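Asker: Dropping in run06.cif, with mmCIF, C-alpha atoms.
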```cif
data_run
#
loop_
_atom_site.label_atom_id
_atom_site.label_comp_id
_atom_site.auth_asym_id
_atom_site.auth_seq_id
_atom_site.Cartn_x
_atom_site.Cartn_y
_atom_site.Cartn_z
CA MET A 1 38.22 -51.27 47.67
CA VAL A 2 38.99 -51.38 51.41
CA ASP A 3 42.72 -51.06 50.67
CA ASP A 4 42.03 -47.92 48.63
CA ILE A 5 40.05 -46.35 51.46
CA VAL A 6 42.74 -47.21 54.02
CA PHE A 7 45.48 -45.87 51.71
CA TRP A 8 43.72 -42.54 51.12
CA GLY A 9 42.96 -42.26 54.84
CA LEU A 10 46.64 -42.80 55.66
CA ALA A 11 47.62 -40.32 52.95
CA VAL A 12 45.35 -37.64 54.42
CA VAL A 13 46.71 -38.30 57.93
CA ALA A 14 50.32 -38.16 56.68
CA VAL A 15 49.83 -34.89 54.80
CA ALA A 16 47.70 -33.25 57.51
CA SER A 17 50.14 -34.10 60.27
CA GLY A 18 53.04 -33.03 58.04
CA ILE A 19 51.38 -29.64 57.65
CA ALA A 20 50.75 -29.53 61.41
CA VAL A 21 54.51 -29.75 62.01
CA PHE A 22 54.79 -26.21 60.65
CA ARG A 23 51.55 -24.87 62.10
CA VAL A 24 51.78 -25.79 65.80
CA ASP A 25 53.51 -23.51 68.29
CA SER A 26 55.56 -25.92 70.39
CA MET A 27 58.43 -28.25 69.68
CA ALA A 28 56.70 -31.16 71.42
CA ARG A 29 53.58 -30.82 69.29
CA ALA A 30 55.70 -30.56 66.14
CA THR A 31 57.57 -33.69 67.21
CA TYR A 32 54.36 -35.64 67.74
CA ALA A 33 52.92 -34.41 64.44
CA LEU A 34 56.06 -35.52 62.61
CA ALA A 35 55.90 -38.91 64.31
CA VAL A 36 52.25 -39.35 63.29
CA SER A 37 53.10 -38.42 59.70
CA PHE A 38 55.89 -40.98 59.46
CA VAL A 39 53.84 -43.69 61.18
CA ALA A 40 51.09 -43.12 58.59
CA VAL A 41 53.71 -43.49 55.83
CA GLY A 42 55.03 -46.67 57.49
CA LEU A 43 51.51 -48.09 57.66
CA ALA A 44 51.02 -47.27 53.97
CA LEU A 45 54.19 -49.24 53.22
CA LEU A 46 52.74 -52.16 55.18
CA LEU A 47 49.59 -51.83 53.10
CA PHE A 48 51.72 -52.18 49.94
CA GLY A 49 53.12 -55.45 51.28
CA LEU A 50 56.53 -53.94 52.09
CA ASP A 51 56.55 -55.36 55.60
CA TYR A 52 60.23 -54.83 56.31
CA LEU A 53 60.31 -51.20 55.19
CA GLY A 54 57.02 -50.39 56.90
CA VAL A 55 58.15 -51.78 60.25
CA VAL A 56 61.57 -50.13 59.95
CA VAL A 57 60.01 -46.72 59.19
CA VAL A 58 57.59 -46.97 62.13
CA LEU A 59 60.20 -48.20 64.62
CA MET A 60 62.84 -45.76 63.43
CA MET A 61 60.52 -42.75 63.64
CA VAL A 62 59.16 -43.65 67.08
CA MET A 63 62.71 -44.07 68.40
CA GLU A 64 63.87 -40.87 66.70
CA MET A 65 61.06 -38.82 68.21
CA ALA A 66 61.73 -40.25 71.68
CA ILE A 67 65.42 -39.45 71.38
CA MET A 68 64.65 -35.95 70.09
CA ALA A 69 62.42 -35.27 73.11
CA ILE A 70 65.17 -36.45 75.45
CA TYR A 71 67.70 -34.16 73.77
CA MET A 72 65.31 -31.20 73.95
CA ILE A 73 65.04 -31.66 77.70
CA MET A 74 68.68 -32.58 78.29
CA PHE A 75 70.49 -29.97 76.20
CA MET A 76 68.01 -27.16 75.91
CA GLY A 77 66.81 -27.33 79.53
CA MET A 78 63.25 -26.81 78.44
CA ASN A 79 59.84 -28.28 78.71
CA PRO A 80 59.15 -28.78 74.99
CA ALA A 81 55.39 -28.82 75.51
CA LEU A 82 55.31 -25.33 77.02
CA MET A 83 57.91 -23.40 75.03
CA PRO A 84 56.32 -21.53 72.11
CA MET A 85 58.29 -21.53 68.87
CA SER A 86 57.97 -21.31 65.13
CA MET A 87 59.20 -24.01 62.76
CA VAL A 88 59.13 -21.67 59.75
CA HIS A 89 61.63 -18.92 59.02
CA GLY A 90 61.51 -16.89 55.82
CA LYS A 91 57.88 -17.82 55.17
CA ARG A 92 57.59 -16.32 51.68
CA THR A 93 60.81 -17.94 50.48
CA SER A 94 59.81 -21.27 52.02
CA LEU A 95 56.41 -21.14 50.35
CA ALA A 96 57.93 -20.26 46.96
CA VAL A 97 60.52 -23.05 47.18
CA ALA A 98 57.88 -25.58 48.28
CA GLY A 99 55.52 -24.58 45.46
CA LEU A 100 58.28 -24.75 42.85
CA THR A 101 59.47 -28.13 44.16
CA PHE A 102 55.93 -29.50 44.02
CA ALA A 103 55.44 -28.23 40.45
CA VAL A 104 58.73 -29.77 39.26
CA LEU A 105 58.00 -33.12 40.90
CA ALA A 106 54.41 -33.20 39.61
CA ALA A 107 55.63 -32.37 36.09
CA GLY A 108 58.22 -35.13 36.39
CA ILE A 109 55.53 -37.65 37.27
CA LEU A 110 53.47 -36.68 34.26
CA LEU A 111 56.18 -36.09 31.67
CA VAL A 112 58.83 -38.75 32.30
CA ASP A 113 58.61 -42.05 30.42
CA TRP A 114 58.50 -44.75 33.07
CA PRO A 115 60.69 -47.81 32.42
CA GLU A 116 59.21 -51.22 31.79
CA ARG A 117 59.76 -53.91 34.41
CA ARG A 118 62.70 -56.18 33.74
CA GLY A 119 62.84 -59.57 35.41
CA ALA A 120 60.49 -60.96 38.04
CA PRO A 121 60.14 -59.89 41.66
CA ALA A 122 61.79 -62.02 44.31
CA ALA A 123 59.74 -64.77 45.93
CA ASP A 124 60.04 -63.13 49.36
CA LEU A 125 60.04 -59.37 48.84
CA THR A 126 60.56 -58.57 52.52
CA LEU A 127 63.69 -60.68 52.69
CA ALA A 128 65.00 -59.25 49.42
CA VAL A 129 64.52 -55.65 50.57
CA GLY A 130 66.06 -56.42 53.96
CA ARG A 131 69.13 -57.91 52.35
CA ALA A 132 69.41 -55.04 49.86
CA VAL A 133 69.17 -52.39 52.58
CA MET A 134 71.08 -53.93 55.47
CA GLY A 135 72.91 -56.95 54.12
CA GLY A 136 73.94 -59.19 56.98
CA LYS A 137 74.05 -56.35 59.51
CA MET A 138 70.39 -56.24 60.60
CA LEU A 139 70.86 -57.94 63.97
CA VAL A 140 73.81 -55.66 64.72
CA MET A 141 71.77 -52.54 63.88
CA MET A 142 68.83 -53.67 66.03
CA THR A 143 71.18 -54.26 68.97
CA VAL A 144 73.03 -50.98 68.48
CA SER A 145 69.78 -48.98 68.41
CA ALA A 146 68.62 -50.41 71.74
CA VAL A 147 72.04 -49.81 73.31
CA LEU A 148 72.13 -46.24 71.95
CA PHE A 149 68.71 -45.47 73.40
CA ALA A 150 69.68 -46.95 76.78
CA THR A 151 72.87 -44.86 76.74
CA ILE A 152 70.95 -41.65 76.07
CA VAL A 153 68.44 -42.35 78.83
CA SER A 154 71.27 -43.20 81.24
CA ALA A 155 73.09 -39.97 80.35
CA LEU A 156 69.92 -38.00 81.04
CA VAL A 157 69.39 -39.71 84.40
CA LEU A 158 73.01 -39.10 85.41
CA ALA A 159 72.95 -35.48 84.24
CA LEU A 160 69.83 -34.66 86.28
CA PRO A 161 70.09 -36.71 89.49
CA ARG A 162 67.53 -34.60 91.42
CA GLY A 163 65.07 -34.18 88.58
CA ARG A 164 64.22 -31.03 86.68
CA TYR A 165 61.76 -29.48 89.10
CA ASP A 166 63.37 -30.29 92.45
CA ASP A 167 64.74 -27.33 94.36
CA ASP A 168 68.47 -27.02 94.77
CA PRO A 169 69.42 -27.81 98.41
CA ALA A 170 71.97 -24.96 98.29
CA ASP A 171 69.11 -22.51 97.57
CA GLU A 172 67.17 -23.72 100.62
CA ALA A 173 70.23 -23.41 102.90
CA ALA A 174 70.81 -19.82 101.76
CA SER A 175 67.28 -18.71 102.69
#
```
Using structure tokens, write down the structure that the file contains.
Answerer:
Amino acid sequence: MVDDIVFWGLAVVAVASGIAVFRVDSMARATYALAVSFVAVGLALLLFGLDYLGVVVVLMMVMEMAIMAIYMIMFMGMNPALMPMSMVHGKRTSLAVAGLTFAVLAAGILLVDWPERRGAPAADLTLAVGRAVMGGKMLVMMTVSAVLFATIVSALVLALPRGRYDDDPADEAAS
């Protein structure tokens, strides 16, 4: 009973924050809403006993959102919290495509004959999923992700040695 309540709570959070991605007016808010949505999905996976996938989804989404914020500042030269924007273009077309996609997927759920289970699940499901997804490369991927993040932060620090809001010394000398 408690698991059902937690699942439906996470489902509501995931859907509501997914909708918020397209309703908010700044890139930073959309980024945070997307992160919340994926964290709720990751927690739902943990609730299902899929520990490996749940942790990977949460860690991957948190890192992705952090990297996206860094790129917004670094390449777009903007404060993503203050720049208004819209995440939806062609609203009528988007709504029609989304509605049609939902109808097709819902019909598929109801009309498709689901296969019967063959065989038994592995003794350690987390280990089995980890091996199926990453094989023997998990340690390498964990190391590469930390190195990639450190490289991006270092590039940002080197690209902006004075900071974004410091005045240019050449401007002060000219006045």
Asker: What lies within 9 Å of Met63 of chain A using only C-alpha atoms, ignoring chain neighbours under 5 positions off, as a PyMOL selection string?
Answerer: chain A and resi 58+68+145+149
Asker: What's the separation between atom CA of Ser37 of chain A and atom CA of Val13 of chain A, in Å to one decimal place?
Answerer: 6.6 Å
Asker: Just to confirm, what's the straight-line distance from atom CA of Met72 of chain A to atom CA of Ile152 of chain A in Å (one decimal)?
Answerer: 12.1 Å
Asker: Quick check, in Å to one decimal: how far apart do atom CA of Gly49 of chain A and atom CA of Leu125 of chain A lie?
Answerer: 8.3 Å
Asker: Show me, as a PyMOL selection string, the residues that have an atom within 9 Å of segment 30-32 of chain A when counting all atoms listed in the file, minus same-chain residues fewer than 5 positions from it.
Answerer: chain A and resi 17-18+20-25+37+65-66+68-69+87
